[in-house]
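Note: the block below is target.pdb and it holds PDB, C-alpha atoms.
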ATOM      1  CA  MET Q   1     121.953  76.591 104.225  1.00  0.00           C
ATOM      2  CA  GLY Q   2     124.269  79.081 102.525  1.00  0.00           C
ATOM      3  CA  ASN Q   3     124.296  82.821 103.007  1.00  0.00           C
ATOM      4  CA  LEU Q   4     121.203  84.639 101.840  1.00  0.00           C
ATOM      5  CA  GLN Q   5     121.711  87.298  99.210  1.00  0.00           C
ATOM      6  CA  HIS Q   6     120.283  90.826  99.266  1.00  0.00           C
ATOM      7  CA  SER Q   7     118.138  90.043  96.196  1.00  0.00           C
ATOM      8  CA  MET Q   8     114.999  88.135  97.173  1.00  0.00           C
ATOM      9  CA  ARG Q   9     114.560  86.934  93.592  1.00  0.00           C
ATOM     10  CA  ALA Q  10     118.051  85.389  93.713  1.00  0.00           C
ATOM     11  CA  ASN Q  11     117.332  83.839  97.115  1.00  0.00           C
ATOM     12  CA  TYR Q  12     114.155  82.170  95.870  1.00  0.00           C
ATOM     13  CA  THR Q  13     116.002  80.822  92.820  1.00  0.00           C
ATOM     14  CA  GLU Q  14     118.981  79.455  94.774  1.00  0.00           C
ATOM     15  CA  HIS Q  15     117.384  78.252  98.015  1.00  0.00           C
ATOM     16  CA  GLY Q  16     113.673  77.845  97.300  1.00  0.00           C
ATOM     17  CA  VAL Q  17     110.867  79.818  98.904  1.00  0.00           C
ATOM     18  CA  ASP Q  18     110.418  77.446 101.851  1.00  0.00           C
ATOM     19  CA  ASN Q  19     114.041  77.706 102.992  1.00  0.00           C
ATOM     20  CA  VAL Q  20     114.209  81.444 102.472  1.00  0.00           C
ATOM     21  CA  GLY Q  21     110.961  81.988 104.346  1.00  0.00           C
ATOM     22  CA  ALA Q  22     112.084  80.009 107.364  1.00  0.00           C
ATOM     23  CA  SER Q  23     115.228  82.055 107.960  1.00  0.00           C
ATOM     24  CA  TYR Q  24     114.631  85.371 106.207  1.00  0.00           C
ATOM     25  CA  ARG Q  25     115.914  88.628 107.704  1.00  0.00           C
ATOM     26  CA  ASN Q  26     116.050  91.846 105.702  1.00  0.00           C
ATOM     27  CA  PRO Q  27     119.666  93.107 105.812  1.00  0.00           C
ATOM     28  CA  HIS Q  28     118.363  96.634 105.179  1.00  0.00           C
ATOM     29  CA  PHE Q  29     116.367  96.851 108.419  1.00  0.00           C
ATOM     30  CA  PRO Q  30     118.161 100.011 109.680  1.00  0.00           C
ATOM     31  CA  GLY Q  31     117.083 101.819 106.520  1.00  0.00           C
ATOM     32  CA  VAL Q  32     113.545 100.444 106.755  1.00  0.00           C
ATOM     33  CA  ARG Q  33     113.371 101.606 110.365  1.00  0.00           C
ATOM     34  CA  ALA Q  34     114.676 105.098 109.553  1.00  0.00           C
ATOM     35  CA  CYS Q  35     112.200 105.530 106.692  1.00  0.00           C
ATOM     36  CA  MET Q  36     109.279 104.335 108.817  1.00  0.00           C
ATOM     37  CA  PHE Q  37     110.211 106.688 111.672  1.00  0.00           C
ATOM     38  CA  THR Q  38     110.341 109.611 109.249  1.00  0.00           C
ATOM     39  CA  TRP Q  39     107.145 108.686 107.426  1.00  0.00           C
ATOM     40  CA  LEU Q  40     105.108 107.971 110.566  1.00  0.00           C
ATOM     41  CA  GLY Q  41     106.252 111.192 112.187  1.00  0.00           C
ATOM     42  CA  ARG Q  42     105.266 113.282 109.179  1.00  0.00           C
ATOM     43  CA  TRP Q  43     102.024 111.381 108.616  1.00  0.00           C
ATOM     44  CA  TRP Q  44     100.923 111.789 112.216  1.00  0.00           C
ATOM     45  CA  THR Q  45     101.815 115.488 112.286  1.00  0.00           C
ATOM     46  CA  HIS Q  46      99.583 116.159 109.291  1.00  0.00           C
ATOM     47  CA  GLU Q  47      96.857 113.533 109.623  1.00  0.00           C
ATOM     48  CA  LYS Q  48      96.187 113.163 113.354  1.00  0.00           C
ATOM     49  CA  ASP Q  49      93.065 115.326 113.170  1.00  0.00           C
ATOM     50  CA  ALA Q  50      91.600 112.928 110.599  1.00  0.00           C
ATOM     51  CA  VAL Q  51      92.527 109.897 112.716  1.00  0.00           C
ATOM     52  CA  GLY Q  52      91.005 111.323 115.878  1.00  0.00           C
ATOM     53  CA  SER Q  53      90.808 109.030 118.891  1.00  0.00           C
ATOM     54  CA  ARG Q  54      90.686 105.727 116.992  1.00  0.00           C
ATOM     55  CA  SER Q  55      93.590 103.313 116.532  1.00  0.00           C
ATOM     56  CA  PRO Q  56      94.861 103.507 112.927  1.00  0.00           C
ATOM     57  CA  LEU Q  57      95.334 100.264 110.982  1.00  0.00           C
ATOM     58  CA  ILE Q  58      98.589  99.424 109.172  1.00  0.00           C
ATOM     59  CA  PHE Q  59      98.660  96.539 106.680  1.00  0.00           C
ATOM     60  CA  ASP Q  60     102.195  95.098 106.505  1.00  0.00           C
ATOM     61  CA  MET Q  61     101.993  93.544 103.025  1.00  0.00           C
ATOM     62  CA  ALA Q  62     104.697  91.017 102.064  1.00  0.00           C
ATOM     63  CA  SER Q  63     105.761  91.410 105.670  1.00  0.00           C
ATOM     64  CA  GLY Q  64     109.031  89.467 105.590  1.00  0.00           C
ATOM     65  CA  ALA Q  65     110.277  88.901 109.122  1.00  0.00           C
ATOM     66  CA  GLY Q  66     108.286  91.851 110.464  1.00  0.00           C
ATOM     67  CA  GLU Q  67     110.726  94.683 109.793  1.00  0.00           C
ATOM     68  CA  VAL Q  68     107.966  97.224 109.091  1.00  0.00           C
ATOM     69  CA  THR Q  69     105.882  96.044 112.039  1.00  0.00           C
ATOM     70  CA  VAL Q  70     108.858  96.229 114.409  1.00  0.00           C
ATOM     71  CA  ALA Q  71     109.795  99.704 113.149  1.00  0.00           C
ATOM     72  CA  ALA Q  72     106.225 100.968 113.586  1.00  0.00           C
ATOM     73  CA  TYR Q  73     106.110  99.443 117.064  1.00  0.00           C
ATOM     74  CA  GLU Q  74     109.378 101.128 118.043  1.00  0.00           C
ATOM     75  CA  TRP Q  75     108.109 104.488 116.751  1.00  0.00           C
ATOM     76  CA  TRP Q  76     104.906 104.109 118.736  1.00  0.00           C
ATOM     77  CA  LYS Q  77     106.646 102.949 121.950  1.00  0.00           C
ATOM     78  CA  ARG Q  78     109.238 105.715 121.834  1.00  0.00           C
ATOM     79  CA  SER Q  79     106.540 108.285 121.230  1.00  0.00           C
ATOM     80  CA  VAL Q  80     104.487 106.925 124.129  1.00  0.00           C
ATOM     81  CA  SER Q  81     107.478 107.024 126.475  1.00  0.00           C
ATOM     82  CA  GLY Q  82     108.700 110.398 125.206  1.00  0.00           C
ATOM     83  CA  THR Q  83     112.102 108.957 124.272  1.00  0.00           C
ATOM     84  CA  GLN Q  84     114.120 111.204 121.960  1.00  0.00           C
ATOM     85  CA  LEU Q  85     114.286 109.670 118.492  1.00  0.00           C
ATOM     86  CA  SER Q  86     117.714 109.224 116.951  1.00  0.00           C
ATOM     87  CA  LYS Q  87     118.493 111.626 114.118  1.00  0.00           C
ATOM     88  CA  LYS Q  88     121.671 109.938 112.973  1.00  0.00           C
ATOM     89  CA  GLY Q  89     121.686 109.638 109.213  1.00  0.00           C
ATOM     90  CA  VAL Q  90     118.030 110.580 108.736  1.00  0.00           C
ATOM     91  CA  GLU Q  91     115.601 113.246 109.809  1.00  0.00           C
ATOM     92  CA  CYS Q  92     113.304 111.576 112.346  1.00  0.00           C
ATOM     93  CA  PHE Q  93     110.262 113.001 114.034  1.00  0.00           C
ATOM     94  CA  SER Q  94     108.483 112.435 117.284  1.00  0.00           C
ATOM     95  CA  PRO Q  95     105.142 114.196 117.817  1.00  0.00           C
ATOM     96  CA  PRO Q  96     105.931 117.820 118.818  1.00  0.00           C
ATOM     97  CA  SER Q  97     105.293 118.548 122.469  1.00  0.00           C
ATOM     98  CA  ASP Q  98     103.597 121.861 121.705  1.00  0.00           C
ATOM     99  CA  ARG Q  99     100.890 120.294 119.546  1.00  0.00           C
ATOM    100  CA  VAL Q 100      97.990 119.476 121.852  1.00  0.00           C
ATOM    101  CA  GLN Q 101      94.272 118.743 121.785  1.00  0.00           C
ATOM    102  CA  SER Q 102      93.991 117.944 118.081  1.00  0.00           C
ATOM    103  CA  GLY Q 103      92.954 114.409 117.253  1.00  0.00           C
ATOM    104  CA  LEU Q 104      91.325 113.688 120.617  1.00  0.00           C
ATOM    105  CA  THR Q 105      87.677 113.514 121.590  1.00  0.00           C
ATOM    106  CA  LYS Q 106      86.333 115.728 124.343  1.00  0.00           C
ATOM    107  CA  GLY Q 107      86.774 114.386 127.820  1.00  0.00           C
ATOM    108  CA  THR Q 108      90.001 112.480 127.149  1.00  0.00           C
ATOM    109  CA  GLN Q 109      92.157 112.682 130.238  1.00  0.00           C
ATOM    110  CA  PRO Q 110      95.836 111.955 129.549  1.00  0.00           C
ATOM    111  CA  SER Q 111      97.775 110.474 132.433  1.00  0.00           C
ATOM    112  CA  ASN Q 112     100.561 113.083 132.381  1.00  0.00           C
ATOM    113  CA  GLY Q 113      98.315 116.153 132.334  1.00  0.00           C
ATOM    114  CA  THR Q 114      98.921 116.995 128.661  1.00  0.00           C
ATOM    115  CA  GLN Q 115      97.049 115.811 125.607  1.00  0.00           C
ATOM    116  CA  LYS Q 116      98.386 112.642 124.035  1.00  0.00           C
ATOM    117  CA  GLN Q 117     100.566 113.285 121.005  1.00  0.00           C
ATOM    118  CA  ILE Q 118     100.372 109.824 119.450  1.00  0.00           C
ATOM    119  CA  PRO Q 119      97.647 107.219 118.837  1.00  0.00           C
ATOM    120  CA  ASN Q 120      96.502 105.325 121.920  1.00  0.00           C
ATOM    121  CA  ASP Q 121      97.461 102.204 119.989  1.00  0.00           C
ATOM    122  CA  LEU Q 122      98.217 101.067 116.455  1.00  0.00           C
ATOM    123  CA  LEU Q 123      96.544  98.107 114.774  1.00  0.00           C
ATOM    124  CA  ILE Q 124      98.499  95.713 112.569  1.00  0.00           C
ATOM    125  CA  ALA Q 125      97.490  93.179 109.935  1.00  0.00           C
ATOM    126  CA  ALA Q 126     100.187  91.223 108.095  1.00  0.00           C
ATOM    127  CA  ALA Q 127     100.464  88.894 105.127  1.00  0.00           C
ATOM    128  CA  ASP Q 128     103.260  86.937 103.493  1.00  0.00           C
ATOM    129  CA  PRO Q 129     102.962  83.501 101.855  1.00  0.00           C
ATOM    130  CA  TYR Q 130     106.618  82.595 102.445  1.00  0.00           C
ATOM    131  CA  THR Q 131     107.887  84.206 105.641  1.00  0.00           C
ATOM    132  CA  ARG Q 132     104.871  84.020 107.960  1.00  0.00           C
ATOM    133  CA  ALA Q 133     106.753  81.777 110.417  1.00  0.00           C
ATOM    134  CA  ALA Q 134     109.657  84.231 110.610  1.00  0.00           C
ATOM    135  CA  TYR Q 135     107.200  87.112 111.071  1.00  0.00           C
ATOM    136  CA  SER Q 136     105.310  85.441 113.914  1.00  0.00           C
ATOM    137  CA  GLU Q 137     108.513  84.315 115.613  1.00  0.00           C
ATOM    138  CA  ARG Q 138     109.862  87.861 115.650  1.00  0.00           C
ATOM    139  CA  THR Q 139     106.669  89.781 116.469  1.00  0.00           C
ATOM    140  CA  THR Q 140     104.449  87.171 118.257  1.00  0.00           C
ATOM    141  CA  LEU Q 141     101.655  88.344 115.926  1.00  0.00           C
ATOM    142  CA  PRO Q 142      99.721  86.328 113.302  1.00  0.00           C
ATOM    143  CA  CYS Q 143     100.562  86.588 109.609  1.00  0.00           C
ATOM    144  CA  ALA Q 144      98.175  85.476 106.872  1.00  0.00           C
ATOM    145  CA  PRO Q 145      99.592  83.357 104.004  1.00  0.00           C
ATOM    146  CA  LEU Q 146      98.237  85.693 101.334  1.00  0.00           C
ATOM    147  CA  SER Q 147     100.041  86.306  98.064  1.00  0.00           C
ATOM    148  CA  PHE Q 148      99.937  89.477  95.990  1.00  0.00           C
ATOM    149  CA  ARG Q 149      97.449  87.753  93.682  1.00  0.00           C
ATOM    150  CA  ASP Q 150      95.225  86.822  96.624  1.00  0.00           C
ATOM    151  CA  ILE Q 151      95.190  90.449  97.752  1.00  0.00           C
ATOM    152  CA  SER Q 152      94.501  91.715  94.228  1.00  0.00           C
ATOM    153  CA  GLN Q 153      91.439  89.443  94.213  1.00  0.00           C
ATOM    154  CA  GLY Q 154      90.060  91.103  97.328  1.00  0.00           C
ATOM    155  CA  MET Q 155      91.409  88.919 100.132  1.00  0.00           C
ATOM    156  CA  LEU Q 156      92.729  90.520 103.319  1.00  0.00           C
ATOM    157  CA  PRO Q 157      94.229  89.108 106.533  1.00  0.00           C
ATOM    158  CA  PRO Q 158      91.572  87.750 108.916  1.00  0.00           C
ATOM    159  CA  ASN Q 159      93.465  88.850 112.036  1.00  0.00           C
ATOM    160  CA  VAL Q 160      94.076  92.361 113.345  1.00  0.00           C
ATOM    161  CA  SER Q 161      96.359  92.863 116.349  1.00  0.00           C
ATOM    162  CA  PRO Q 162      97.027  95.882 118.563  1.00  0.00           C
ATOM    163  CA  MET Q 163     100.653  96.998 118.747  1.00  0.00           C
ATOM    164  CA  SER Q 164     100.430  96.794 122.517  1.00  0.00           C
ATOM    165  CA  SER Q 165     100.077  93.008 122.247  1.00  0.00           C
ATOM    166  CA  ILE Q 166     103.545  92.509 120.736  1.00  0.00           C
ATOM    167  CA  GLY Q 167     105.506  90.238 123.047  1.00  0.00           C
ATOM    168  CA  HIS Q 168     102.329  88.644 124.403  1.00  0.00           C
ATOM    169  CA  SER Q 169     101.644  85.746 122.049  1.00  0.00           C
ATOM    170  CA  GLY Q 170      97.969  85.505 121.125  1.00  0.00           C
ATOM    171  CA  ALA Q 171      96.941  88.441 123.312  1.00  0.00           C
ATOM    172  CA  GLY Q 172      94.531  90.861 121.700  1.00  0.00           C
ATOM    173  CA  ASN Q 173      94.413  89.160 118.288  1.00  0.00           C
ATOM    174  CA  THR Q 174      90.907  89.342 116.842  1.00  0.00           C
ATOM    175  CA  ASP Q 175      89.183  87.954 113.792  1.00  0.00           C
ATOM    176  CA  VAL Q 176      87.656  90.948 112.081  1.00  0.00           C
ATOM    177  CA  ALA Q 177      86.440  91.985 108.662  1.00  0.00           C
ATOM    178  CA  ILE Q 178      88.710  94.879 107.703  1.00  0.00           C
ATOM    179  CA  ASP Q 179      86.626  97.849 106.661  1.00  0.00           C
ATOM    180  CA  ARG Q 180      89.248 100.505 106.022  1.00  0.00           C
ATOM    181  CA  ILE Q 181      93.060 100.503 106.069  1.00  0.00           C
ATOM    182  CA  ASP Q 182      94.904 103.659 107.045  1.00  0.00           C
ATOM    183  CA  MET Q 183      98.101 102.637 105.278  1.00  0.00           C
ATOM    184  CA  VAL Q 184      99.542  99.719 103.360  1.00  0.00           C
ATOM    185  CA  VAL Q 185     103.315  99.371 103.678  1.00  0.00           C
ATOM    186  CA  CYS Q 186     105.275  97.164 101.282  1.00  0.00           C
ATOM    187  CA  SER Q 187     108.990  96.838 101.949  1.00  0.00           C
ATOM    188  CA  PHE Q 188     111.499  95.460  99.416  1.00  0.00           C
ATOM    189  CA  ALA Q 189     108.882  93.340  97.645  1.00  0.00           C
ATOM    190  CA  LEU Q 190     106.565  95.249  95.317  1.00  0.00           C
ATOM    191  CA  HIS Q 191     109.083  95.051  92.459  1.00  0.00           C
ATOM    192  CA  LEU Q 192     108.550  91.259  92.479  1.00  0.00           C
ATOM    193  CA  VAL Q 193     105.009  91.675  91.098  1.00  0.00           C
ATOM    194  CA  GLU Q 194     105.095  90.887  87.377  1.00  0.00           C
ATOM    195  CA  PRO Q 195     103.809  91.454  84.730  1.00  0.00           C
ATOM    196  CA  SER Q 196     102.612  95.060  84.940  1.00  0.00           C
ATOM    197  CA  SER Q 197      98.990  93.946  84.557  1.00  0.00           C
ATOM    198  CA  GLU Q 198      99.322  92.036  87.853  1.00  0.00           C
ATOM    199  CA  LEU Q 199     100.797  95.115  89.521  1.00  0.00           C
ATOM    200  CA  PHE Q 200      97.963  97.280  88.211  1.00  0.00           C
ATOM    201  CA  ALA Q 201      95.343  94.838  89.525  1.00  0.00           C
ATOM    202  CA  LEU Q 202      96.981  94.784  92.969  1.00  0.00           C
ATOM    203  CA  LEU Q 203      97.381  98.556  93.263  1.00  0.00           C
ATOM    204  CA  TRP Q 204      93.881  99.295  92.013  1.00  0.00           C
ATOM    205  CA  GLU Q 205      92.355  96.869  94.517  1.00  0.00           C
ATOM    206  CA  LEU Q 206      94.381  98.402  97.349  1.00  0.00           C
ATOM    207  CA  SER Q 207      93.278 101.893  96.316  1.00  0.00           C
ATOM    208  CA  THR Q 208      89.671 100.912  97.049  1.00  0.00           C
ATOM    209  CA  LYS Q 209      90.557  99.871 100.611  1.00  0.00           C
ATOM    210  CA  ALA Q 210      93.424 102.048 101.856  1.00  0.00           C
ATOM    211  CA  ASN Q 211      94.159 105.730 102.388  1.00  0.00           C
ATOM    212  CA  TRP Q 212      97.920 105.483 101.867  1.00  0.00           C
ATOM    213  CA  LEU Q 213     100.405 103.192 100.144  1.00  0.00           C
ATOM    214  CA  VAL Q 214     104.001 103.376 101.351  1.00  0.00           C
ATOM    215  CA  VAL Q 215     106.585 101.641  99.147  1.00  0.00           C
ATOM    216  CA  LEU Q 216     110.071 101.089 100.568  1.00  0.00           C
ATOM    217  CA  ALA Q 217     112.642 100.104  97.952  1.00  0.00           C
ATOM    218  CA  PRO Q 218     116.382 100.507  97.292  1.00  0.00           C
ATOM    219  CA  HIS Q 219     115.786 101.450  93.642  1.00  0.00           C
ATOM    220  CA  LYS Q 220     113.249 103.089  91.325  1.00  0.00           C
ATOM    221  CA  LYS Q 221     111.199  99.944  90.765  1.00  0.00           C
ATOM    222  CA  PRO Q 222     108.361  99.296  90.469  1.00  0.00           C
ATOM    223  CA  GLU Q 223     107.020 102.039  88.221  1.00  0.00           C
ATOM    224  CA  ILE Q 224     103.580 103.107  89.433  1.00  0.00           C
ATOM    225  CA  LYS Q 225     101.724 104.813  86.609  1.00  0.00           C
ATOM    226  CA  GLU Q 226      99.054 107.480  86.373  1.00  0.00           C
ATOM    227  CA  GLY Q 227      95.586 105.967  86.425  1.00  0.00           C
ATOM    228  CA  TRP Q 228      96.489 103.037  88.669  1.00  0.00           C
ATOM    229  CA  GLY Q 229      94.479 104.400  91.578  1.00  0.00           C
ATOM    230  CA  TRP Q 230      97.152 106.501  93.290  1.00  0.00           C
ATOM    231  CA  VAL Q 231      98.842 109.872  93.139  1.00  0.00           C
ATOM    232  CA  LYS Q 232     102.377 110.421  94.378  1.00  0.00           C
ATOM    233  CA  TRP Q 233     102.732 112.388  97.590  1.00  0.00           C
ATOM    234  CA  ASP Q 234     105.677 114.533  98.636  1.00  0.00           C
ATOM    235  CA  SER Q 235     105.839 113.971 102.384  1.00  0.00           C
ATOM    236  CA  GLY Q 236     108.286 116.834 102.869  1.00  0.00           C
ATOM    237  CA  CYS Q 237     105.844 119.595 101.879  1.00  0.00           C
ATOM    238  CA  TRP Q 238     102.796 117.329 102.282  1.00  0.00           C
ATOM    239  CA  SER Q 239     101.320 117.825  98.846  1.00  0.00           C
ATOM    240  CA  PRO Q 240     100.849 115.870  95.603  1.00  0.00           C
ATOM    241  CA  CYS Q 241     103.725 115.658  93.162  1.00  0.00           C
ATOM    242  CA  HIS Q 242     104.268 114.288  89.682  1.00  0.00           C
ATOM    243  CA  MET Q 243     104.648 110.521  89.329  1.00  0.00           C
ATOM    244  CA  HIS Q 244     108.129 111.020  87.863  1.00  0.00           C
ATOM    245  CA  ASP Q 245     109.365 113.291  90.630  1.00  0.00           C
ATOM    246  CA  ARG Q 246     112.185 111.721  92.649  1.00  0.00           C
ATOM    247  CA  LYS Q 247     112.282 113.092  96.166  1.00  0.00           C
ATOM    248  CA  GLU Q 248     113.977 111.622  99.222  1.00  0.00           C
ATOM    249  CA  PHE Q 249     110.671 110.556 100.740  1.00  0.00           C
ATOM    250  CA  THR Q 250     107.668 110.162  98.460  1.00  0.00           C
ATOM    251  CA  HIS Q 251     104.612 108.068  99.110  1.00  0.00           C
ATOM    252  CA  GLU Q 252     101.480 107.249  97.229  1.00  0.00           C
ATOM    253  CA  ARG Q 253      98.015 108.400  98.223  1.00  0.00           C
ATOM    254  CA  ARG Q 254      94.758 106.955  96.907  1.00  0.00           C
ATOM    255  CA  VAL Q 255      92.639 108.995  94.536  1.00  0.00           C
ATOM    256  CA  HIS Q 256      89.261 107.332  95.203  1.00  0.00           C
TER     257      HIS Q 256
END

Any chance you could give the structure as structure tokens?
Amino acid sequence: MGNLQHSMRANYTEHGVDNVGASYRNPHFPGVRACMFTWLGRWWTHEKDAVGSRSPLIFDMASGAGEVTVAAYEWWKRSVSGTQLSKKGVECFSPPSDRVQSGLTKGTQPSNGTQKQIPNDLLIAAADPYTRAAYSERTTLPCAPLSFRDISQGMLPPNVSPMSSIGHSGAGNTDVAIDRIDMVVCSFALHLVEPSSELFALLWELSTKANWLVVLAPHKKPEIKEGWGWVKWDSGCWSPCHMHDRKEFTHERRVH
């Protein structure tokens, strides 16, 4: 098979979805990883009290070969181990060492004598109708063959896996009815949803199930409009912003 292009639409046209799915790797993974490190650090700093002692659930939608899942796993593992996060080329955050006690139930006894600064674990659910084999090969986790249309009609992955099970095929995977999603992350794929009525249906459905929607993209597409179930969030000052504002890191938050 020839070289894959950076445009997924071009890849599907030239090679077919089956061939692309079997060998897909996102060439922009370093950027995806940097953005996820920054977002997760800021999100946890501001939202850990709301999360408390539970394990937050991330839905890796249109999961590709698991770039978002791998980045989230690396953030979690480095935070657990206390490894200094790289700041080359992007502002990255690990949970501050002086922030203690918030987000934990009474009686929690951390092993190192200080309160844990990160979730005890993260939960992952993933879906991609074309690259599920590549995702599972890279992460050892299950990936549901759900399309954007399936998700817009209310379907969600049947399997939820703890981050700590990565590298242990089949370990910890459970069939569960997803009640609430902490964040949906869509990397380099949401612009493929056309026409705009299909995008609206997808985003509105997600807004009834998730607290946050994180869209990673190399351009300004897709356009998410007012009234589609979300407001834009400036993660730098942690406050709402106008839908047309263009900041370095902006993410969408549900309005329901």

Next on the checklist: What would the selection look like, as a list of chain:residue names, if the PyMOL selection byres ((chain Q and resi 211) around 8) were run on the coordinates I just shared?
Outcome noted: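 Listing what the PyMOL selection byres ((chain Q and resi 211) around 8) selects in the shown file: Q:Ile181, Q:Asp182, Q:Met183, Q:Ser207, Q:Lys209, Q:Ala210, Q:Trp212, Q:Leu213, Q:Arg253, Q:Arg254.
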
Item to check | Picked residues, the PyMOL selection byres ((chain Q and resi 124) around 8), as a PyMOL selection string | outcome: chain Q and resi 57-60+69+122-123+125-126+160-163

Report as an mmCIF file with C-alpha atoms, keeping the file's coordinate frame the full result of the PyMOL selection byres ((chain Q and resi 138-145) around 7) when it is applied to this structure.
data_model
loop_
_atom_site.group_PDB
_atom_site.id
_atom_site.type_symbol
_atom_site.label_atom_id
_atom_site.label_comp_id
_atom_site.auth_asym_id
_atom_site.auth_seq_id
_atom_site.Cartn_x
_atom_site.Cartn_y
_atom_site.Cartn_z
ATOM 1 C CA ALA Q 65 110.277 88.901 109.122
ATOM 2 C CA GLY Q 66 108.286 91.851 110.464
ATOM 3 C CA ALA Q 126 100.187 91.223 108.095
ATOM 4 C CA ALA Q 127 100.464 88.894 105.127
ATOM 5 C CA ASP Q 128 103.260 86.937 103.493
ATOM 6 C CA PRO Q 129 102.962 83.501 101.855
ATOM 7 C CA ARG Q 132 104.871 84.020 107.960
ATOM 8 C CA ALA Q 134 109.657 84.231 110.610
ATOM 9 C CA TYR Q 135 107.200 87.112 111.071
ATOM 10 C CA SER Q 136 105.310 85.441 113.914
ATOM 11 C CA GLU Q 137 108.513 84.315 115.613
ATOM 12 C CA LEU Q 146 98.237 85.693 101.334
ATOM 13 C CA SER Q 147 100.041 86.306 98.064
ATOM 14 C CA PRO Q 157 94.229 89.108 106.533
ATOM 15 C CA ASN Q 159 93.465 88.850 112.036
ATOM 16 C CA SER Q 161 96.359 92.863 116.349
ATOM 17 C CA ILE Q 166 103.545 92.509 120.736
ATOM 18 C CA GLY Q 167 105.506 90.238 123.047
ATOM 19 C CA HIS Q 168 102.329 88.644 124.403
ATOM 20 C CA SER Q 169 101.644 85.746 122.049
ATOM 21 C CA GLY Q 170 97.969 85.505 121.125
#

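The gap separating CA of Ile224 (chain Q) from CA of Val185 (chain Q) is 14.7 Å, in Å to one decimal.
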
Item to check | One-decimal distance in Å that lies between CA of Val193 (chain Q) and CA of Ala177 (chain Q) | outcome: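 So the answer is 25.6 Å.
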
Item to check | Atom pair CA of Ser239 (chain Q) / CA of Pro30 (chain Q): separation (Å) | outcome: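 Computing the Euclidean distance for CA of Ser239 (chain Q) and CA of Pro30 (chain Q) yields 26.8 Å.
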
Checklist entry - Using only C-alpha atoms, which of Q:Cys186, Q:Pro218, Q:Ala50, Q:Leu203 sits nearest Gly31 (chain Q)? => result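 Of all the options, Q:Pro218 lies closest to Gly31 (chain Q).
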
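Minimum atom-to-atom distance to Val214 (chain Q), evaluated using all atoms listed in the file, belongs to Q:Trp39 out of Q:Trp228, Q:Tyr130, Q:Trp39, Q:Trp44.
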
Checklist entry - Around (106.6, 101.2, 108.1) in the file's own coordinates, what residues are found within 6 Å if you use all atoms listed in the file, given back as a list in words? => result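 Every polymer residue passing the test: Met36, Val68, Ala72 and Val185 of chain Q.
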
Checklist entry - Q:Ser235, Q:Ser152, Q:Asn120, Q:Ser164: which is nearest Ser53 (chain Q), counting all atoms listed in the file? => result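 Smallest distance to Ser53 (chain Q) is found for Q:Asn120.
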
Render region 38-55 of chain Q from the structure in the preceding block as a file of C-alpha atoms, as a short mmCIF file (atom, residue, chain, number, x, y, z; two decimals), in the first residue's frame.
data_model
loop_
_atom_site.label_atom_id
_atom_site.label_comp_id
_atom_site.auth_asym_id
_atom_site.auth_seq_id
_atom_site.Cartn_x
_atom_site.Cartn_y
_atom_site.Cartn_z
CA THR Q 38 -2.20 20.73 28.56
CA TRP Q 39 -5.95 20.18 28.58
CA LEU Q 40 -5.91 17.38 31.17
CA GLY Q 41 -3.64 19.36 33.45
CA ARG Q 42 -5.87 22.43 33.34
CA TRP Q 43 -9.08 20.40 33.59
CA TRP Q 44 -7.87 18.48 36.63
CA THR Q 45 -6.61 21.63 38.37
CA HIS Q 46 -10.04 23.23 38.09
CA GLU Q 47 -12.41 20.27 38.19
CA LYS Q 48 -10.88 17.77 40.63
CA ASP Q 49 -13.24 18.81 43.43
CA ALA Q 50 -16.21 17.93 41.21
CA VAL Q 51 -14.65 14.58 40.25
CA GLY Q 52 -13.90 13.62 43.83
CA SER Q 53 -12.65 10.09 44.45
CA ARG Q 54 -14.27 8.46 41.41
CA SER Q 55 -12.49 7.51 38.18
#
